[in-house]
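S.K.: Submitted below is the structure of interest, expressed as structure tokens.
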Amino acid sequence: MSKQHSNKRTTFGLDGALSGIEARQKASAIHDHQCGDGSNDHLASIYDNQDDQFAAVVPFIKQGLEQGEQCLYVADENTTEEVRDALREGGIDVEAAQDSGALSIHTKADTYLRTGEFKPETMVEFWEETLAEARDREGYEGVRATAEMTWALEEDTGLDQLVRYEALLNTIYEGDDYVVLCQYNRDRFSTDVLSDVIRSHPLVVYDGTVCQNFYYQPPDEFFDTDHPPLDVDRTVEGLLRHAETQRELTERDRFQSELYEITSEPERSFDEKLQALFDLGCERFDLDLGGMARIDPQLDLFEVEYVSDSHDHLQPGAKVSLSETYCRVLTDGGNPIGLTAPAEEGFEGTLAYEEFGVRSYLGTRLRVEHGLDRSFFFVSHDSRSASFSEAERMFLKSMGQWVQQELERREYEQRLEESNERLEQFAYATSHDLQEPLRMVSSYLQLLESQYTDDLDADAEEFIEFAVDGADRMREMIGGLLEYSRIETEGESFESVDLDALIDEVLADLQLRIKETDADVTVEDLPHVKGDANQLRQLLQNLIDNAIEYSDDEPPRVMISAGRAGKMWRISVRDEGIGISPDDQERIFEVFERLHARNDHEGTGIGLALCERIVERHGGKIWVDSEPGVGSTFSLTLSTADT
């Protein structure tokens, strides 16, 4: 059978059952790597009840039979018939396997007590004979055996003999594909015996899992007079290592959890989160101060941006030469650098060492797109005896990655804000400069019409009317564009808004429009939301007016309702009008986009674009569900008043 490698834990269950010999081979490579010697052909199954017992043993036997191995079962706690029933329930054709000689089921009288008493050496001979017989069998692929060990409790068997026997089994399988699984009922054997059993087995099966046993002691060591069976020093050392590993893992998980909580808290500002990260890092690394500085190697620049606490020299805004700091060693790759003996690293004589008094340093470089790079660091005036661990460096890198993403996001938002301000200035200047020439064109056309009425024929008067109308529409469009550009910059601060009261004001403003069209507007109870009352009034007025405008020949019917959408409110304005084609439902929110001729429906084509801009400013989204000839429902989401 081929040798393979695997993980340290391998499931021993009915689902994808592990071959016992394959398990031995896989675990053996681990054990050899870990301990350097000893066989892994010997497993101990410790079980709590019969279900757990057979859950491990039946797949062990089944897969052995499927792989052409000769399998033996020694029954004692269970009758041989109970064993057969369990194997049958596990999908094994017991009769066929026994007839072919591939499976044999024995009792303690056939095996452990066949000479009338138990002798470890006699049982070792029995297993060696079994192995020799299996080799003579055609198609031999290996031997596996499993035995219920409860017989040892009922007979005159010394426990020292039992443990010696279990230890000796480890010596007979070298070079052969042979594996034994010894079964121990946890309720029947004392803790002292089970402790010795565990020590004498390289692999332990418990709760459906095969575990590599770091407490295992090879036979020569287990029974050496210089190494008593319960080697206290070795046991305590193993326990201490295990406890220290668990402590480190627990601490690592705690800090990682706190890092996630800090960075994911929506109510904290960036500065508050950064301070919390500095405090967390100082605790994690056992250092005094956290900080961040702008750095530029080409300009030899180091400018302090943030520090977690007061410091005589490291203060926000302070500038020194980068070459005078420990941050000069940071690389472009962003891998954290730790210094615990800066004088030995060539920093003696620098400002950081002589004047700032820094004796321990851990830092990383943050690459910020479209901005200066940053040094994210932690320092202490005290020397550190141990170097920074890989886990500490990776934790700093995790913190730095979040800070880098936030810096890039803030840089992007600042650039976008500056761009929007320039666009607004351009829109204002353009609208102001264009409004005056358009007014002049309209005025002179009207003056021409009034003073030369007798000289103009019908066509000329019509041409003048078209020109004046075009100039007026152009002025309206420029005004709408200016209004669109000022949604962000000229909006009011957000506050709690009663939409019920607000909709009453909107309907009052639209009273004449509603009366002229004989529209029927019904309103359900509406919630309080968080927003800019003036912009929300404009939003609702545009949607209601739009619903009235695009009604069919029948009097308009408009329904306004509200419902929850997760943590937000969904506001809907539904009509029974002409509807919108699916191909057009996205482009109606674009600026100056019109679906109908001006003669059919008036407007500048900017109303829905304004609605979308207002909703986006409020952190929500707007969409339409519509079917031509049936009607449209415009829905939008707004934050609740308590967020």
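Ordering of the structure tokens sets the chain letters (A, B, ...); residue numbers start at 1 within each chain; ligands are numbered from 1 in the order shown.
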Give me the residues within 6 Å of range 41-53 of chain A as an MDAnalysis selection string, counting only C-alpha atoms and dropping any in the same chain fewer than 4 places off.
M.R.: chainID A and resid 24 179:186 201 203:206
S.K.: Could you check which of A:Ile548, A:Met568, A:Val143, A:Leu162 is closest to Asp518 in chain A, using only C-alpha atoms?
M.R.: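 For Asp518 in chain A, the nearest of the given residues is A:Ile548.
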S.K.: Excluding same-chain residues fewer than 6 positions from Ala562 in chain A, what lies within 7 Å of it counting only C-alpha atoms, as a list in words?
M.R.: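 That gives Leu526, Trp569, Arg570, Ile571 and Ser572 of chain A.
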S.K.: How far is it from CA of Ser626 in chain A to CA of Glu524 in chain A, in Å with one decimal?
M.R.: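 Those two atoms sit 20.7 Å apart.
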S.K.: DSSP says helix (DSSP H, G or I) for which residues of range 310-507 of chain A? Put them as a VMD selection string?
M.R.: chain A and resid 322 to 324 326 to 329 351 to 354 390 to 451 453 to 455 458 to 485 499 to 507
S.K.: Pick out the closest residue to Phe302 in chain A from this set: A:Leu351, A:Leu259, A:Val521, A:Leu448. Count only C-alpha atoms.
M.R.: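 Among the listed residues, A:Leu351 lies closest to Phe302 in chain A.
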S.K.: So which one's closest to Leu274 in chain A, A:Tyr306, A:Phe494, A:Tyr73, A:Phe118? Using only C-alpha atoms, please.
M.R.: A:Tyr306
S.K.: Using only C-alpha atoms, which of the listed residues (A:Leu366, A:Ile295, A:Ala318, A:Val57) sits closest to Gly333 in chain A?
M.R.: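 Result for the nearest residue to Gly333 in chain A: A:Leu366.
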S.K.: Among the residues of range 203-420 of chain A, find those DSSP assigns to strand (DSSP E or B) from the backbone and print them as a ChimeraX atom specification.
M.R.: /A:203-206,209-212,289-296,301-307,319-321,337-339,360-366,373-380
S.K.: Residues near Ala533 in chain A, anyone? I mean within 9 Å using only C-alpha atoms, not counting same-chain ones fewer than 6 positions away, as a PyMOL selection string.
M.R.: chain A and resi 492+494-499+502
S.K.: With all heavy atoms retained, export the selected residues as a compact mmCIF listing (two decimals), in the first residue's frame.
M.R.:
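New file result33.txt:
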```txt
# COMPACT_ATOMS: atom_id res chain seq x y z
N GLU A 492 -29.74 71.53 3.69
CA GLU A 492 -29.76 71.78 5.12
C GLU A 492 -29.27 70.53 5.87
O GLU A 492 -29.19 69.44 5.30
CB GLU A 492 -31.17 72.14 5.57
CG GLU A 492 -31.76 73.37 4.89
CD GLU A 492 -31.04 74.64 5.29
OE1 GLU A 492 -30.48 74.67 6.41
OE2 GLU A 492 -31.02 75.60 4.49
N PHE A 494 -29.42 67.34 8.44
CA PHE A 494 -30.48 66.34 8.62
C PHE A 494 -31.09 66.44 10.02
O PHE A 494 -30.39 66.70 11.00
CB PHE A 494 -29.93 64.94 8.41
CG PHE A 494 -29.62 64.62 6.98
CD1 PHE A 494 -29.78 65.58 5.98
CD2 PHE A 494 -29.17 63.36 6.61
CE1 PHE A 494 -29.49 65.29 4.67
CE2 PHE A 494 -28.87 63.06 5.29
CZ PHE A 494 -29.03 64.03 4.32
N GLU A 495 -32.40 66.22 10.08
CA GLU A 495 -33.12 66.21 11.33
C GLU A 495 -34.31 65.28 11.18
O GLU A 495 -34.57 64.75 10.09
CB GLU A 495 -33.60 67.62 11.70
CG GLU A 495 -34.49 68.24 10.63
CD GLU A 495 -34.86 69.68 10.94
OE1 GLU A 495 -34.32 70.22 11.92
OE2 GLU A 495 -35.69 70.25 10.21
N SER A 496 -35.04 65.05 12.27
CA SER A 496 -36.22 64.22 12.21
C SER A 496 -37.32 64.95 11.44
O SER A 496 -37.64 66.10 11.74
CB SER A 496 -36.70 63.87 13.62
OG SER A 496 -37.88 63.09 13.57
N VAL A 497 -37.88 64.28 10.43
CA VAL A 497 -38.90 64.88 9.57
C VAL A 497 -40.17 64.02 9.65
O VAL A 497 -40.12 62.82 9.40
CB VAL A 497 -38.41 64.99 8.11
CG1 VAL A 497 -39.51 65.59 7.24
CG2 VAL A 497 -37.14 65.81 8.03
N ASP A 498 -41.29 64.66 9.98
CA ASP A 498 -42.59 63.98 10.01
C ASP A 498 -43.15 64.00 8.59
O ASP A 498 -43.63 65.03 8.11
CB ASP A 498 -43.52 64.71 10.98
CG ASP A 498 -44.88 64.02 11.10
OD1 ASP A 498 -45.13 63.06 10.36
OD2 ASP A 498 -45.69 64.48 11.93
N LEU A 499 -43.11 62.86 7.92
CA LEU A 499 -43.57 62.82 6.52
C LEU A 499 -45.08 63.04 6.41
O LEU A 499 -45.55 63.53 5.37
CB LEU A 499 -43.18 61.49 5.88
CG LEU A 499 -41.70 61.28 5.60
CD1 LEU A 499 -41.49 59.97 4.85
CD2 LEU A 499 -41.12 62.43 4.80
N LEU A 502 -45.34 66.70 6.34
CA LEU A 502 -44.71 67.21 5.12
C LEU A 502 -45.60 66.97 3.90
O LEU A 502 -45.72 67.85 3.03
CB LEU A 502 -43.35 66.53 4.93
CG LEU A 502 -42.45 67.12 3.84
CD1 LEU A 502 -42.02 68.52 4.22
CD2 LEU A 502 -41.22 66.24 3.62
```
S.K.: CA of Val379 in chain A and CA of Arg359 in chain A are how many Å apart?
M.R.: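 Separating CA of Val379 in chain A from CA of Arg359 in chain A is a distance of 7.5 Å.
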S.K.: Taking 6 positions as the minimum chain separation for residues in the same chain, which residues sit within 12 Å of Gln511 in chain A when counting only C-alpha atoms? Answer as a list of chain:residue names.
M.R.: A:Ile503, A:Asp504, A:Glu505, A:Thr517, A:Asp518, A:Ala519, A:Asp520, A:Val521, A:Gln541, A:Ile544, A:Asp545
S.K.: Atoms to include: all heavy atoms. Write the selected residues as a PDB file, in the first residue's frame.
M.R.:
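After the write, part35.pdb holds the following:
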```
ATOM      1  N   ILE A 503     -46.249  65.806   3.822  1.00  0.00           N
ATOM      2  CA  ILE A 503     -47.080  65.516   2.659  1.00  0.00           C
ATOM      3  C   ILE A 503     -48.306  66.417   2.630  1.00  0.00           C
ATOM      4  O   ILE A 503     -48.807  66.767   1.550  1.00  0.00           O
ATOM      5  CB  ILE A 503     -47.482  64.018   2.648  1.00  0.00           C
ATOM      6  CG1 ILE A 503     -47.828  63.565   1.220  1.00  0.00           C
ATOM      7  CG2 ILE A 503     -48.636  63.745   3.566  1.00  0.00           C
ATOM      8  CD1 ILE A 503     -46.677  63.497   0.292  1.00  0.00           C
ATOM      9  N   ASP A 504     -48.794  66.830   3.816  1.00  0.00           N
ATOM     10  CA  ASP A 504     -49.919  67.780   3.850  1.00  0.00           C
ATOM     11  C   ASP A 504     -49.518  69.101   3.213  1.00  0.00           C
ATOM     12  O   ASP A 504     -50.305  69.718   2.465  1.00  0.00           O
ATOM     13  CB  ASP A 504     -50.365  68.010   5.296  1.00  0.00           C
ATOM     14  CG  ASP A 504     -51.083  66.800   5.883  1.00  0.00           C
ATOM     15  OD1 ASP A 504     -51.537  65.951   5.088  1.00  0.00           O
ATOM     16  OD2 ASP A 504     -51.179  66.711   7.122  1.00  0.00           O
ATOM     17  N   GLU A 505     -48.283  69.548   3.490  1.00  0.00           N
ATOM     18  CA  GLU A 505     -47.795  70.799   2.898  1.00  0.00           C
ATOM     19  C   GLU A 505     -47.656  70.653   1.381  1.00  0.00           C
ATOM     20  O   GLU A 505     -47.999  71.568   0.625  1.00  0.00           O
ATOM     21  CB  GLU A 505     -46.451  71.176   3.519  1.00  0.00           C
ATOM     22  CG  GLU A 505     -46.508  71.473   5.005  1.00  0.00           C
ATOM     23  CD  GLU A 505     -45.129  71.731   5.589  1.00  0.00           C
ATOM     24  OE1 GLU A 505     -44.171  71.894   4.793  1.00  0.00           O
ATOM     25  OE2 GLU A 505     -44.994  71.772   6.823  1.00  0.00           O
ATOM     26  N   THR A 517     -57.010  68.742 -12.557  1.00  0.00           N
ATOM     27  CA  THR A 517     -56.974  67.408 -13.186  1.00  0.00           C
ATOM     28  C   THR A 517     -57.965  66.438 -12.566  1.00  0.00           C
ATOM     29  O   THR A 517     -58.058  65.293 -13.017  1.00  0.00           O
ATOM     30  CB  THR A 517     -55.555  66.819 -13.074  1.00  0.00           C
ATOM     31  OG1 THR A 517     -55.206  66.725 -11.690  1.00  0.00           O
ATOM     32  CG2 THR A 517     -54.550  67.701 -13.802  1.00  0.00           C
ATOM     33  N   ASP A 518     -58.688  66.923 -11.537  1.00  0.00           N
ATOM     34  CA  ASP A 518     -59.629  66.057 -10.819  1.00  0.00           C
ATOM     35  C   ASP A 518     -58.926  64.808 -10.288  1.00  0.00           C
ATOM     36  O   ASP A 518     -59.457  63.691 -10.325  1.00  0.00           O
ATOM     37  CB  ASP A 518     -60.799  65.657 -11.739  1.00  0.00           C
ATOM     38  CG  ASP A 518     -61.971  65.062 -10.952  1.00  0.00           C
ATOM     39  OD1 ASP A 518     -62.073  65.367  -9.742  1.00  0.00           O
ATOM     40  OD2 ASP A 518     -62.743  64.288 -11.528  1.00  0.00           O
ATOM     41  N   ALA A 519     -57.687  64.993  -9.788  1.00  0.00           N
ATOM     42  CA  ALA A 519     -56.877  63.872  -9.303  1.00  0.00           C
ATOM     43  C   ALA A 519     -57.352  63.405  -7.928  1.00  0.00           C
ATOM     44  O   ALA A 519     -57.833  64.192  -7.116  1.00  0.00           O
ATOM     45  CB  ALA A 519     -55.406  64.282  -9.229  1.00  0.00           C
ATOM     46  N   ASP A 520     -57.204  62.112  -7.678  1.00  0.00           N
ATOM     47  CA  ASP A 520     -57.540  61.507  -6.389  1.00  0.00           C
ATOM     48  C   ASP A 520     -56.238  61.009  -5.758  1.00  0.00           C
ATOM     49  O   ASP A 520     -55.630  60.054  -6.243  1.00  0.00           O
ATOM     50  CB  ASP A 520     -58.518  60.357  -6.592  1.00  0.00           C
ATOM     51  CG  ASP A 520     -58.858  59.646  -5.284  1.00  0.00           C
ATOM     52  OD1 ASP A 520     -58.654  60.257  -4.219  1.00  0.00           O
ATOM     53  OD2 ASP A 520     -59.299  58.482  -5.333  1.00  0.00           O
ATOM     54  N   VAL A 521     -55.797  61.675  -4.693  1.00  0.00           N
ATOM     55  CA  VAL A 521     -54.538  61.327  -4.030  1.00  0.00           C
ATOM     56  C   VAL A 521     -54.851  60.775  -2.645  1.00  0.00           C
ATOM     57  O   VAL A 521     -55.437  61.472  -1.811  1.00  0.00           O
ATOM     58  CB  VAL A 521     -53.601  62.546  -3.912  1.00  0.00           C
ATOM     59  CG1 VAL A 521     -52.291  62.138  -3.239  1.00  0.00           C
ATOM     60  CG2 VAL A 521     -53.335  63.156  -5.277  1.00  0.00           C
ATOM     61  N   GLN A 541     -42.959  66.294  -3.957  1.00  0.00           N
ATOM     62  CA  GLN A 541     -43.750  67.118  -4.883  1.00  0.00           C
ATOM     63  C   GLN A 541     -43.464  66.725  -6.324  1.00  0.00           C
ATOM     64  O   GLN A 541     -44.392  66.622  -7.145  1.00  0.00           O
ATOM     65  CB  GLN A 541     -43.448  68.602  -4.663  1.00  0.00           C
ATOM     66  CG  GLN A 541     -44.290  69.530  -5.538  1.00  0.00           C
ATOM     67  CD  GLN A 541     -44.205  70.974  -5.078  1.00  0.00           C
ATOM     68  OE1 GLN A 541     -44.164  71.252  -3.894  1.00  0.00           O
ATOM     69  NE2 GLN A 541     -44.186  71.899  -6.041  1.00  0.00           N
ATOM     70  N   ILE A 544     -45.229  63.263  -7.004  1.00  0.00           N
ATOM     71  CA  ILE A 544     -46.693  63.361  -7.111  1.00  0.00           C
ATOM     72  C   ILE A 544     -47.084  64.095  -8.383  1.00  0.00           C
ATOM     73  O   ILE A 544     -47.998  63.673  -9.117  1.00  0.00           O
ATOM     74  CB  ILE A 544     -47.268  64.062  -5.870  1.00  0.00           C
ATOM     75  CG1 ILE A 544     -47.009  63.210  -4.623  1.00  0.00           C
ATOM     76  CG2 ILE A 544     -48.767  64.300  -6.034  1.00  0.00           C
ATOM     77  CD1 ILE A 544     -47.356  63.905  -3.326  1.00  0.00           C
ATOM     78  N   ASP A 545     -46.395  65.192  -8.673  1.00  0.00           N
ATOM     79  CA  ASP A 545     -46.691  65.948  -9.890  1.00  0.00           C
ATOM     80  C   ASP A 545     -46.422  65.098 -11.127  1.00  0.00           C
ATOM     81  O   ASP A 545     -47.163  65.149 -12.117  1.00  0.00           O
ATOM     82  CB  ASP A 545     -45.831  67.217  -9.917  1.00  0.00           C
ATOM     83  CG  ASP A 545     -46.213  68.138 -11.063  1.00  0.00           C
ATOM     84  OD1 ASP A 545     -47.351  68.651 -11.071  1.00  0.00           O
ATOM     85  OD2 ASP A 545     -45.367  68.318 -11.972  1.00  0.00           O
TER      86      ASP A 545
END
```
S.K.: Would you mind listing what lies within 7 Å of Arg84 in chain A as a list in words, with only C-alpha atoms counted and same-chain residues fewer than 4 positions away left out?
M.R.: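 Within the cut-off, the hits are Thr80, Arg88 and Val94 of chain A.
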S.K.: Grab the CA of Val329 in chain A to CA of Asp312 in chain A distance for me, in Å with one decimal place.
M.R.: 23.1 Å
S.K.: For Asp642 in chain A, which residue among A:Val358, A:Asp575, A:Lys530, A:Asp196 is the nearest when counting only C-alpha atoms?
M.R.: A:Lys530
S.K.: Using only C-alpha atoms, which of A:Phe60, A:Met123, A:Thr637, A:Ala147 sits nearest Asp76 in chain A?
M.R.: A:Ala147
